[in-house]
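> Contents of query_24.pdb (PDB, C-alpha atoms) are given next:
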ATOM      1  CA  MET A 294     158.861  44.722 146.122
ATOM      2  CA  TRP A 295     157.458  48.078 147.147
ATOM      3  CA  THR A 296     153.686  48.057 146.500
ATOM      4  CA  GLU A 297     150.866  50.554 146.918
ATOM      5  CA  ILE A 298     147.230  49.629 146.171
ATOM      6  CA  LEU A 299     144.584  52.308 146.698
ATOM      7  CA  PHE A 300     140.886  52.754 145.928
ATOM      8  CA  PHE A 301     139.197  56.120 145.487
ATOM      9  CA  ASP A 302     135.558  57.194 145.276
ATOM     10  CA  ALA A 303     136.511  60.546 143.698
ATOM     11  CA  PRO A 304     139.186  61.723 141.239
ATOM     12  CA  TRP A 305     142.639  61.171 142.638
ATOM     13  CA  PRO A 306     145.316  63.815 142.800
ATOM     14  CA  ALA A 307     148.130  63.451 140.268
ATOM     15  CA  PRO A 308     149.829  60.106 140.987
ATOM     16  CA  PRO A 309     153.157  60.641 142.726
ATOM     17  CA  PRO A 310     156.494  59.661 141.155
ATOM     18  CA  PRO A 311     158.161  56.324 141.902
ATOM     19  CA  PRO A 312     159.069  55.830 145.556
ATOM     20  CA  GLU A 313     162.445  57.132 146.666
ATOM     21  CA  SER A 314     163.592  53.624 147.486
ATOM     22  CA  VAL A 315     163.725  52.579 143.806
ATOM     23  CA  ARG A 316     165.770  55.576 142.606
ATOM     24  CA  GLY A 317     168.929  54.313 141.007
ATOM     25  CA  ALA A 318     167.609  50.748 140.612
ATOM     26  CA  ALA A 319     164.735  51.459 138.225
ATOM     27  CA  GLY A 320     165.653  52.243 134.651
ATOM     28  CA  ALA A 321     161.955  52.268 133.716
ATOM     29  CA  TRP A 322     158.816  53.577 135.398
ATOM     30  CA  ALA A 323     155.897  52.677 133.126
ATOM     31  CA  GLU A 324     152.452  54.149 133.759
ATOM     32  CA  PHE A 325     149.004  53.339 132.425
ATOM     33  CA  HIS A 326     145.837  55.400 132.811
ATOM     34  CA  GLY A 327     142.592  53.623 131.832
ATOM     35  CA  CYS A 328     139.940  56.243 131.058
ATOM     36  CA  VAL A 329     136.174  56.104 130.509
ATOM     37  CA  ARG A 330     135.264  56.460 126.838
ATOM     38  CA  ALA A 331     132.209  58.381 125.604
ATOM     39  CA  THR A 332     130.691  55.280 124.004
ATOM     40  CA  GLU A 333     129.939  51.822 125.388
ATOM     41  CA  ASN A 334     128.689  49.123 123.031
ATOM     42  CA  GLY A 335     127.873  51.787 120.449
ATOM     43  CA  ARG A 336     125.839  53.962 122.833
ATOM     44  CA  ASN A 337     126.790  57.409 124.089
ATOM     45  CA  ILE A 338     127.327  57.391 127.834
ATOM     46  CA  ALA A 339     127.940  59.974 130.551
ATOM     47  CA  ALA A 340     129.670  57.739 133.080
ATOM     48  CA  LEU A 341     130.362  54.230 134.330
ATOM     49  CA  ARG A 342     129.764  52.993 137.856
ATOM     50  CA  TYR A 343     132.163  50.573 139.553
ATOM     51  CA  ASP A 344     131.817  48.338 142.601
ATOM     52  CA  ILE A 345     134.841  46.919 144.461
ATOM     53  CA  TYR A 346     135.318  44.287 147.165
ATOM     54  CA  GLU A 347     138.289  46.214 148.469
ATOM     55  CA  ALA A 348     139.778  43.826 151.013
ATOM     56  CA  MET A 349     139.843  40.939 148.546
ATOM     57  CA  ALA A 350     140.819  43.074 145.533
ATOM     58  CA  ARG A 351     143.832  44.317 147.485
ATOM     59  CA  ARG A 352     144.839  40.774 148.373
ATOM     60  CA  VAL A 353     144.401  39.360 144.849
ATOM     61  CA  LEU A 354     146.242  42.297 143.270
ATOM     62  CA  ALA A 355     149.100  41.985 145.748
ATOM     63  CA  ALA A 356     149.479  38.298 144.829
ATOM     64  CA  HIS A 357     149.511  39.137 141.105
ATOM     65  CA  LEU A 358     152.095  41.863 141.651
ATOM     66  CA  GLU A 359     154.317  39.497 143.607
ATOM     67  CA  ALA A 360     154.108  36.944 140.786
ATOM     68  CA  LEU A 361     154.896  39.663 138.220
ATOM     69  CA  ALA A 362     157.821  40.771 140.364
ATOM     70  CA  GLN A 363     159.215  37.234 140.302
ATOM     71  CA  LYS A 364     158.706  36.937 136.546
ATOM     72  CA  HIS A 365     159.840  40.385 135.403
ATOM     73  CA  GLY A 366     162.036  41.657 138.216
ATOM     74  CA  LEU A 367     159.698  44.485 139.191
ATOM     75  CA  ILE A 368     160.926  46.582 142.069
ATOM     76  CA  ALA A 369     157.879  48.772 142.720
ATOM     77  CA  ALA A 370     154.229  49.112 141.712
ATOM     78  CA  ARG A 371     151.383  51.546 142.290
ATOM     79  CA  PHE A 372     147.780  50.610 141.546
ATOM     80  CA  ARG A 373     144.660  52.767 141.843
ATOM     81  CA  HIS A 374     141.041  52.095 140.913
ATOM     82  CA  ARG A 375     137.933  54.215 141.224
ATOM     83  CA  SER A 376     134.684  53.011 142.782
ATOM     84  CA  GLY A 377     131.289  54.620 142.305
ATOM     85  CA  VAL A 378     130.472  56.857 139.349
ATOM     86  CA  VAL A 379     133.345  57.743 136.994
ATOM     87  CA  PRO A 380     132.435  60.354 134.357
ATOM     88  CA  VAL A 381     133.577  60.132 130.730
ATOM     89  CA  GLY A 382     137.165  61.265 130.327
ATOM     90  CA  GLU A 383     138.245  60.490 133.884
ATOM     91  CA  ALA A 384     140.607  57.647 134.750
ATOM     92  CA  ALA A 385     138.980  54.582 136.295
ATOM     93  CA  VAL A 386     142.278  52.789 136.761
ATOM     94  CA  TYR A 387     145.939  53.718 137.084
ATOM     95  CA  ALA A 388     148.862  51.337 137.281
ATOM     96  CA  ALA A 389     152.586  51.974 137.317
ATOM     97  CA  VAL A 390     155.525  49.623 137.660
ATOM     98  CA  ALA A 391     159.242  50.092 138.101
ATOM     99  CA  ALA A 392     161.736  47.653 136.613
ATOM    100  CA  PRO A 393     165.446  47.759 135.760
ATOM    101  CA  HIS A 394     164.645  47.956 132.010
ATOM    102  CA  ARG A 395     161.727  49.143 129.854
ATOM    103  CA  ARG A 396     160.949  45.785 128.238
ATOM    104  CA  GLU A 397     160.164  44.163 131.596
ATOM    105  CA  ALA A 398     158.185  47.191 132.760
ATOM    106  CA  PHE A 399     155.994  47.300 129.636
ATOM    107  CA  ALA A 400     155.410  43.536 129.713
ATOM    108  CA  ALA A 401     154.508  43.503 133.411
ATOM    109  CA  LEU A 402     152.151  46.453 133.039
ATOM    110  CA  ALA A 403     150.308  44.823 130.137
ATOM    111  CA  GLU A 404     150.042  41.534 132.047
ATOM    112  CA  LEU A 405     148.765  43.307 135.149
ATOM    113  CA  MET A 406     145.962  44.950 133.186
ATOM    114  CA  ASP A 407     145.020  41.573 131.661
ATOM    115  CA  LEU A 408     145.045  39.922 135.108
ATOM    116  CA  LEU A 409     142.793  42.683 136.433
ATOM    117  CA  LYS A 410     140.070  41.344 134.175
ATOM    118  CA  THR A 411     140.420  37.696 135.229
ATOM    119  CA  ASP A 412     139.855  37.471 138.985
ATOM    120  CA  VAL A 413     140.215  40.825 140.773
ATOM    121  CA  PRO A 414     136.830  41.545 142.400
ATOM    122  CA  ILE A 415     136.103  44.861 140.702
ATOM    123  CA  TRP A 416     132.982  45.322 138.591
ATOM    124  CA  LYS A 417     131.740  47.748 135.986
ATOM    125  CA  VAL A 418     128.196  47.764 137.332
ATOM    126  CA  GLU A 419     126.233  50.242 135.350
ATOM    127  CA  VAL A 420     126.354  52.482 132.343
ATOM    128  CA  VAL A 421     125.007  55.980 132.937
ATOM    129  CA  PRO A 422     123.433  57.158 129.640
ATOM    130  CA  ALA A 423     124.414  60.506 128.157
TER     131      ALA A 423
ATOM    132  CA  MET B 144     128.507  33.970 158.799
ATOM    133  CA  LYS B 145     128.377  37.187 156.890
ATOM    134  CA  ILE B 146     127.350  36.931 153.213
ATOM    135  CA  LEU B 147     128.465  39.762 150.901
ATOM    136  CA  TYR B 148     126.835  40.671 147.576
ATOM    137  CA  PHE B 149     128.372  42.863 144.896
ATOM    138  CA  ALA B 150     127.658  44.515 141.559
ATOM    139  CA  HIS B 151     124.532  43.425 139.651
ATOM    140  CA  VAL B 152     123.847  40.658 142.196
ATOM    141  CA  ALA B 153     123.570  43.242 144.990
ATOM    142  CA  LYS B 154     121.363  45.333 142.726
ATOM    143  CA  ALA B 155     119.062  42.395 141.935
ATOM    144  CA  LEU B 156     118.696  41.538 145.627
ATOM    145  CA  GLY B 157     118.428  45.158 146.761
ATOM    146  CA  ARG B 158     120.962  44.486 149.512
ATOM    147  CA  ARG B 159     124.702  44.140 150.004
ATOM    148  CA  GLU B 160     124.857  41.598 152.805
ATOM    149  CA  ASP B 161     123.074  38.937 154.841
ATOM    150  CA  GLU B 162     123.766  37.112 158.066
ATOM    151  CA  LEU B 163     123.465  33.326 157.870
ATOM    152  CA  ASP B 164     123.701  30.888 160.745
ATOM    153  CA  VAL B 165     124.946  27.340 160.152
ATOM    154  CA  PRO B 166     125.064  24.817 163.006
ATOM    155  CA  ALA B 167     128.230  23.176 161.635
ATOM    156  CA  PRO B 168     130.660  23.850 158.740
ATOM    157  CA  VAL B 169     128.979  23.321 155.354
ATOM    158  CA  THR B 170     130.184  22.558 151.827
ATOM    159  CA  ALA B 171     129.666  24.982 148.954
ATOM    160  CA  ASP B 172     126.664  22.973 147.725
ATOM    161  CA  ALA B 173     125.042  22.995 151.166
ATOM    162  CA  LEU B 174     125.732  26.699 151.501
ATOM    163  CA  TRP B 175     124.095  27.343 148.140
ATOM    164  CA  GLU B 176     121.001  25.428 149.267
ATOM    165  CA  ARG B 177     120.683  27.756 152.230
ATOM    166  CA  LEU B 178     121.423  30.854 150.176
ATOM    167  CA  LEU B 179     118.788  29.981 147.582
ATOM    168  CA  ALA B 180     116.227  29.299 150.317
ATOM    169  CA  LEU B 181     116.979  32.708 151.818
ATOM    170  CA  ARG B 182     117.263  34.618 148.506
ATOM    171  CA  PRO B 183     115.543  32.769 145.634
ATOM    172  CA  ALA B 184     116.474  35.658 143.302
ATOM    173  CA  LEU B 185     120.063  34.348 143.397
ATOM    174  CA  ALA B 186     119.124  31.327 141.268
ATOM    175  CA  PRO B 187     119.922  32.808 137.823
ATOM    176  CA  TYR B 188     123.371  33.900 139.006
ATOM    177  CA  ARG B 189     124.517  30.704 140.690
ATOM    178  CA  ALA B 190     126.304  29.213 137.663
ATOM    179  CA  SER B 191     128.440  32.315 137.137
ATOM    180  CA  ILE B 192     129.267  33.062 140.776
ATOM    181  CA  HIS B 193     132.484  32.028 142.532
ATOM    182  CA  LEU B 194     132.450  31.830 146.313
ATOM    183  CA  ALA B 195     135.180  33.520 148.326
ATOM    184  CA  ARG B 196     135.855  32.790 151.981
ATOM    185  CA  ASN B 197     137.568  35.437 154.086
ATOM    186  CA  GLY B 198     138.870  37.251 151.026
ATOM    187  CA  GLU B 199     140.164  34.254 149.063
ATOM    188  CA  TYR B 200     138.554  32.194 146.326
ATOM    189  CA  ALA B 201     137.237  28.958 147.830
ATOM    190  CA  GLY B 202     138.216  25.675 146.197
ATOM    191  CA  PRO B 203     135.685  22.906 145.462
ATOM    192  CA  ALA B 204     136.458  21.258 148.803
ATOM    193  CA  GLY B 205     136.000  24.487 150.738
ATOM    194  CA  GLN B 206     134.014  24.493 153.995
ATOM    195  CA  PHE B 207     132.109  27.486 155.295
ATOM    196  CA  ALA B 208     131.456  28.115 158.979
ATOM    197  CA  ASN B 209     129.960  30.703 161.293
ATOM    198  CA  GLY B 210     132.391  33.571 161.682
ATOM    199  CA  ASP B 211     133.465  33.399 158.013
ATOM    200  CA  GLU B 212     132.976  36.292 155.626
ATOM    201  CA  VAL B 213     131.625  34.717 152.444
ATOM    202  CA  ALA B 214     131.480  36.792 149.259
ATOM    203  CA  LEU B 215     129.540  35.935 146.125
ATOM    204  CA  ILE B 216     131.816  36.945 143.261
ATOM    205  CA  PRO B 217     130.145  37.339 139.850
ATOM    206  CA  PRO B 218     132.369  37.621 136.724
ATOM    207  CA  VAL B 219     134.709  40.570 137.255
ATOM    208  CA  SER B 220     134.998  43.552 134.909
ATOM    209  CA  GLY B 221     137.452  46.046 136.334
ATOM    210  CA  GLY B 222     139.526  48.550 134.380
TER     211      GLY B 222
END
Represent the supplied structure as structure tokens.


Amino acid sequence: MWTEILFFDAPWPAPPPPPESVRGAAGAWAEFHGCVRATENGRNIAALRYDIYEAMARRVLAAHLEALAQKHGLIAARFRHRSGVVPVGEAAVYAAVAAPHRREAFAALAELMDLLKTDVPIWKVEVVPA
Amino acid sequence: MKILYFAHVAKALGRREDELDVPAPVTADALWERLLALRPALAPYRASIHLARNGEYAGPAGQFANGDEVALIPPVSGG
């Protein structure tokens, strides 16, 4: 499977389209943008701050993506996560997967986002008040 | 070995890493003894921290030696 995992400490440019190599094989390219909301536990906030153990996060995510590829037939995936301060409204996480059909793509994307919260060493460290 | 701290653990300790010397490979329990002697402020976090060795979660039988990169992984909260 074609995989790209990147971490950014500033807003990323618009995510590129699926890689050329999947054209013709992918009937679905499903994307998810996870954005910072203006409230956290009922309080107004200005931003969240994230910390990442990048080397390990990359390795754990790659293993999850390989498992999802086996289960759902994924043929490509892009993953991005911000570190440092992420203001309200900006995306903290982006994930996209390519699969032959939409059902597999949606399922794999949802599972990936659930797995992110189980063992990938990325932390929401601090809430910056509004 | 290099010890890495992240997130609120790093904040509580006021540092992101330590260097620890062990004469021979140690178990997780023995490593924790040394860590708590070096950084007593780690005590409240011990129960919730998983140890990782060279970028992989360490199993209960894991051994830790000089030259390893050991990370203290508190509960994750990405996304």

> Would you kindly report the residues of chain A within 6 Å of chain B, using only C-alpha atoms, as a tab-separated table (two decimals) with C-alpha atoms, in the frame of the given file?


chain	number	residue	atom	x	y	z
A	344	ASP	CA	131.82	48.34	142.60
A	349	MET	CA	139.84	40.94	148.55
A	386	VAL	CA	142.28	52.79	136.76
A	410	LYS	CA	140.07	41.34	134.18
A	414	PRO	CA	136.83	41.54	142.40
A	415	ILE	CA	136.10	44.86	140.70
A	416	TRP	CA	132.98	45.32	138.59
A	417	LYS	CA	131.74	47.75	135.99
A	418	VAL	CA	128.20	47.76	137.33

> As a short mmCIF file (atom, residue, chain, number, x, y, z; two decimals) with C-alpha atoms, in the frame of the given file, please: the residues near Thr170 in chain B (cut-off 8 Å, all atoms listed in the file, same-chain neighbours under 5 positions excluded).


data_model
loop_
_atom_site.label_atom_id
_atom_site.label_comp_id
_atom_site.auth_asym_id
_atom_site.auth_seq_id
_atom_site.Cartn_x
_atom_site.Cartn_y
_atom_site.Cartn_z
CA ALA B 204 136.46 21.26 148.80
CA GLY B 205 136.00 24.49 150.74
CA GLN B 206 134.01 24.49 154.00
CA PHE B 207 132.11 27.49 155.29
#

> Distance CA of Ala184 in chain B-CA of Leu156 in chain B, one decimal place?

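So the two atoms, CA of Ala184 in chain B and CA of Leu156 in chain B, lie 6.7 Å apart.
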
> Between CA of Ala389 in chain A and CA of Ala362 in chain A, what is the spacing in Å?

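So the two atoms, CA of Ala362 in chain A and CA of Ala389 in chain A, lie 12.7 Å apart.
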
> Of the residues A:Ala423, A:Gln363, A:Ala340, A:Tyr387, which is the one nearest to Ala307 in chain A, using all atoms listed in the file?

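The closest residue to Ala307 in chain A is A:Tyr387.
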
> Taking 3 positions as the minimum chain separation for residues in the same chain, which residues sit within 12 Å of range 334-336 of chain A when counting all atoms listed in the file? Answer as a compact mmCIF listing (two decimals) with C-alpha atoms, in the coordinates of the input.


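Written out: out.txt:
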# COMPACT_ATOMS: atom_id res chain seq x y z
CA ARG A 330 135.26 56.46 126.84
CA ALA A 331 132.21 58.38 125.60
CA ALA A 339 127.94 59.97 130.55
CA ALA A 340 129.67 57.74 133.08
CA VAL A 420 126.35 52.48 132.34
CA VAL A 421 125.01 55.98 132.94
CA PRO A 422 123.43 57.16 129.64
CA ALA A 423 124.41 60.51 128.16

> Could you list the residues chosen by the PyMOL selection byres ((chain B and resi 160) around 8) in this structure as a ChimeraX atom specification?

/B:145-148,158-159,161-162

> Which is closer to Leu185 in chain B than all the others in B:Ala201, B:Ala171, B:Val165, B:Ala155, using all atoms listed in the file?

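Looking only at the distances to Leu185 in chain B, the closest residue turns out to be B:Ala155.
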
> Measure the distance from CA of Leu358 in chain A to CA of Phe399 in chain A in Å and round it to one decimal.

13.8 Å

> Residues at most 10 Å from Gly320 in chain A, counting only C-alpha atoms, excluding those fewer than 6 positions away in the same chain, as a list of chain:residue names?

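The residues that qualify are A:Ala391, A:Ala392, A:Pro393, A:His394, A:Arg395, A:Ala398.
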
> Find the residue from A:Ala321, A:Val379, A:Asp407, A:Tyr346 that sits nearest to Gly366 in chain A; use all atoms listed in the file when measuring.

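Looking at the shortest contact to Gly366 in chain A, the residue is A:Ala321.
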
> Using all atoms listed in the file, which residue out of B:Asp172, B:Ala167, B:Ala190, B:Arg177 lies closest to Asn209 in chain B?

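For Asn209 in chain B, the nearest of the candidates is B:Ala167.
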
> Smallest atom-to-atom distance to Asp412 in chain A: which of A:Arg352, A:His326, A:Arg342, A:Arg316, using all atoms listed in the file?

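For Asp412 in chain A, the nearest of the candidates is A:Arg352.
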
> Could you state which residues are captured by the PyMOL selection byres ((chain A and resi 402) around 8) in this file, as a list in words?

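Here the PyMOL selection byres ((chain A and resi 402) around 8) matches Ala323, Glu324, Phe325, Ala388, Ala389, Val390, Ala398, Phe399, Ala400, Ala401, Ala403, Glu404, Leu405 and Met406 of chain A.
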
> Just give me the residues with any atom within 10 Å of (138.6, 56.5, 147.6), file coordinates, counting all atoms listed in the file, written as a VMD selection string.

chain A and resid 299 to 305 373 to 377

> Report as a ChimeraX atom specification the residues that result from applying the PyMOL selection byres ((chain A and resi 384) around 7) to the structure here.

/A:326-329,382-383,385-386

> Missing atoms in range 174-202 of chain B need filling: write out N, CA and C atoms for it as a JSON list (two decimals), in the frame of the given file.


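Generated output (result-v6.json):
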[["chain", "number", "residue", "atom", "x", "y", "z"],
["B", 174, "LEU", "N", 125.87, 25.25, 151.29],
["B", 174, "LEU", "CA", 125.73, 26.70, 151.50],
["B", 174, "LEU", "C", 124.79, 27.29, 150.45],
["B", 175, "TRP", "N", 124.96, 26.84, 149.21],
["B", 175, "TRP", "CA", 124.10, 27.34, 148.14],
["B", 175, "TRP", "C", 122.63, 27.00, 148.41],
["B", 176, "GLU", "N", 122.39, 25.80, 148.93],
["B", 176, "GLU", "CA", 121.00, 25.43, 149.27],
["B", 176, "GLU", "C", 120.39, 26.44, 150.22],
["B", 177, "ARG", "N", 121.17, 26.80, 151.23],
["B", 177, "ARG", "CA", 120.68, 27.76, 152.23],
["B", 177, "ARG", "C", 120.52, 29.15, 151.62],
["B", 178, "LEU", "N", 121.50, 29.52, 150.79],
["B", 178, "LEU", "CA", 121.42, 30.85, 150.18],
["B", 178, "LEU", "C", 120.19, 30.99, 149.28],
["B", 179, "LEU", "N", 119.93, 29.92, 148.50],
["B", 179, "LEU", "CA", 118.79, 29.98, 147.58],
["B", 179, "LEU", "C", 117.46, 29.95, 148.34],
["B", 180, "ALA", "N", 117.45, 29.29, 149.50],
["B", 180, "ALA", "CA", 116.23, 29.30, 150.32],
["B", 180, "ALA", "C", 115.99, 30.70, 150.88],
["B", 181, "LEU", "N", 117.08, 31.36, 151.25],
["B", 181, "LEU", "CA", 116.98, 32.71, 151.82],
["B", 181, "LEU", "C", 116.69, 33.75, 150.74],
["B", 182, "ARG", "N", 117.38, 33.63, 149.60],
["B", 182, "ARG", "CA", 117.26, 34.62, 148.51],
["B", 182, "ARG", "C", 117.05, 33.89, 147.18],
["B", 183, "PRO", "N", 115.81, 33.50, 146.88],
["B", 183, "PRO", "CA", 115.54, 32.77, 145.63],
["B", 183, "PRO", "C", 115.99, 33.52, 144.38],
["B", 184, "ALA", "N", 116.06, 34.86, 144.47],
["B", 184, "ALA", "CA", 116.47, 35.66, 143.30],
["B", 184, "ALA", "C", 117.93, 35.41, 142.90],
["B", 185, "LEU", "N", 118.68, 34.67, 143.75],
["B", 185, "LEU", "CA", 120.06, 34.35, 143.40],
["B", 185, "LEU", "C", 120.16, 33.26, 142.32],
["B", 186, "ALA", "N", 119.08, 32.52, 142.13],
["B", 186, "ALA", "CA", 119.12, 31.33, 141.27],
["B", 186, "ALA", "C", 119.75, 31.57, 139.89],
["B", 187, "PRO", "N", 119.35, 32.63, 139.17],
["B", 187, "PRO", "CA", 119.92, 32.81, 137.82],
["B", 187, "PRO", "C", 121.42, 33.10, 137.83],
["B", 188, "TYR", "N", 121.96, 33.50, 138.96],
["B", 188, "TYR", "CA", 123.37, 33.90, 139.01],
["B", 188, "TYR", "C", 124.29, 32.77, 139.47],
["B", 189, "ARG", "N", 123.69, 31.72, 140.03],
["B", 189, "ARG", "CA", 124.52, 30.70, 140.69],
["B", 189, "ARG", "C", 125.64, 30.17, 139.80],
["B", 190, "ALA", "N", 125.31, 29.85, 138.53],
["B", 190, "ALA", "CA", 126.30, 29.21, 137.66],
["B", 190, "ALA", "C", 127.51, 30.11, 137.41],
["B", 191, "SER", "N", 127.33, 31.41, 137.48],
["B", 191, "SER", "CA", 128.44, 32.32, 137.14],
["B", 191, "SER", "C", 129.16, 32.87, 138.37],
["B", 192, "ILE", "N", 128.68, 32.51, 139.55],
["B", 192, "ILE", "CA", 129.27, 33.06, 140.78],
["B", 192, "ILE", "C", 130.34, 32.15, 141.36],
["B", 193, "HIS", "N", 131.48, 32.74, 141.75],
["B", 193, "HIS", "CA", 132.48, 32.03, 142.53],
["B", 193, "HIS", "C", 132.32, 32.44, 143.99],
["B", 194, "LEU", "N", 132.52, 31.50, 144.89],
["B", 194, "LEU", "CA", 132.45, 31.83, 146.31],
["B", 194, "LEU", "C", 133.85, 32.16, 146.82],
["B", 195, "ALA", "N", 133.91, 33.19, 147.66],
["B", 195, "ALA", "CA", 135.18, 33.52, 148.33],
["B", 195, "ALA", "C", 134.94, 33.43, 149.83],
["B", 196, "ARG", "N", 135.94, 32.93, 150.53],
["B", 196, "ARG", "CA", 135.85, 32.79, 151.98],
["B", 196, "ARG", "C", 136.97, 33.61, 152.61],
["B", 197, "ASN", "N", 136.60, 34.57, 153.42],
["B", 197, "ASN", "CA", 137.57, 35.44, 154.09],
["B", 197, "ASN", "C", 138.58, 36.04, 153.10],
["B", 198, "GLY", "N", 138.04, 36.50, 151.97],
["B", 198, "GLY", "CA", 138.87, 37.25, 151.03],
["B", 198, "GLY", "C", 139.69, 36.42, 150.07],
["B", 199, "GLU", "N", 139.45, 35.10, 150.02],
["B", 199, "GLU", "CA", 140.16, 34.25, 149.06],
["B", 199, "GLU", "C", 139.18, 33.34, 148.35],
["B", 200, "TYR", "N", 139.43, 33.10, 147.07],
["B", 200, "TYR", "CA", 138.55, 32.19, 146.33],
["B", 200, "TYR", "C", 138.56, 30.83, 147.00],
["B", 201, "ALA", "N", 137.37, 30.25, 147.16],
["B", 201, "ALA", "CA", 137.24, 28.96, 147.83],
["B", 201, "ALA", "C", 137.33, 27.85, 146.79],
["B", 202, "GLY", "N", 138.11, 26.82, 147.09],
["B", 202, "GLY", "CA", 138.22, 25.68, 146.20],
["B", 202, "GLY", "C", 136.98, 24.80, 146.32]]
